Amino acid sequence: MLRKLVYLVVAGTVFLAGVTVILRYFSDVLPLASTEPPSVWRFELAFLLTAAQWISLIVVALAAISVVVLLRRSSRPGAP
């Protein structure tokens, strides 16, 4: 269980870093074949990337808290 949580923290952190890099350096990414105005695509893509960033941040935070709780619970002398 602990190993899976640590993998989740690492994978979530890598995903979070990737989305942050995309938002930082490639903010003007647009699809090649589009019939809508470019600004609509930019705002929709930015919204989806920002939502993915927040969701991954929440997942990483909850997994990190779970790792800390599991480690703390297992380090107590009377723990089963």
# chains A, B, ... in the order shown; residues from 1 in each chain; ligands from 1
$ residues_around --residues "segment 10-18 of chain A" --least-positions-apart "6" --cutoff "6 Å" --atoms "only C-alpha atoms" --output "VMD selection string"
chain A and resid 53 56 60
$ closest_residue --among "A:Ser74, A:Val19, A:Val69, A:Ala61" --to "Leu48 of chain A" --atoms "only C-alpha atoms"
A:Val19
$ closest_residue --among "A:Arg76, A:Tyr7, A:Met1, A:Val21" --to "Val59 of chain A" --atoms "only C-alpha atoms"
A:Tyr7
$ atom_distance --atom1 "atom CA of Val9 of chain A" --atom2 "atom CA of Ala64 of chain A"
6.3 Å
$ residues_around --residues "Leu23 of chain A" --least-positions-apart "5" --cutoff "9 Å" --atoms "only C-alpha atoms" --output "ChimeraX atom specification"
/A:18,28,46,49-50
$ select_by_dssp --residues "segment 4-73 of chain A" --states "helix (DSSP H, G or I)" --output "ChimeraX atom specification"
/A:4-25,38-73
$ atom_distance --atom1 "atom CA of Leu2 of chain A" --atom2 "atom CA of Ala52 of chain A"
24.4 Å
$ atom_distance --atom1 "atom CA of Phe47 of chain A" --atom2 "atom CA of Leu5 of chain A"
27.7 Å
$ closest_residue --among "A:Ile22, A:Ile58, A:Val40, A:Ala63" --to "Val6 of chain A" --atoms "only C-alpha atoms"
A:Ala63
$ closest_residue --among "A:Ala51, A:Glu44, A:Leu8, A:Arg3" --to "Thr20 of chain A" --atoms "only C-alpha atoms"
A:Ala51
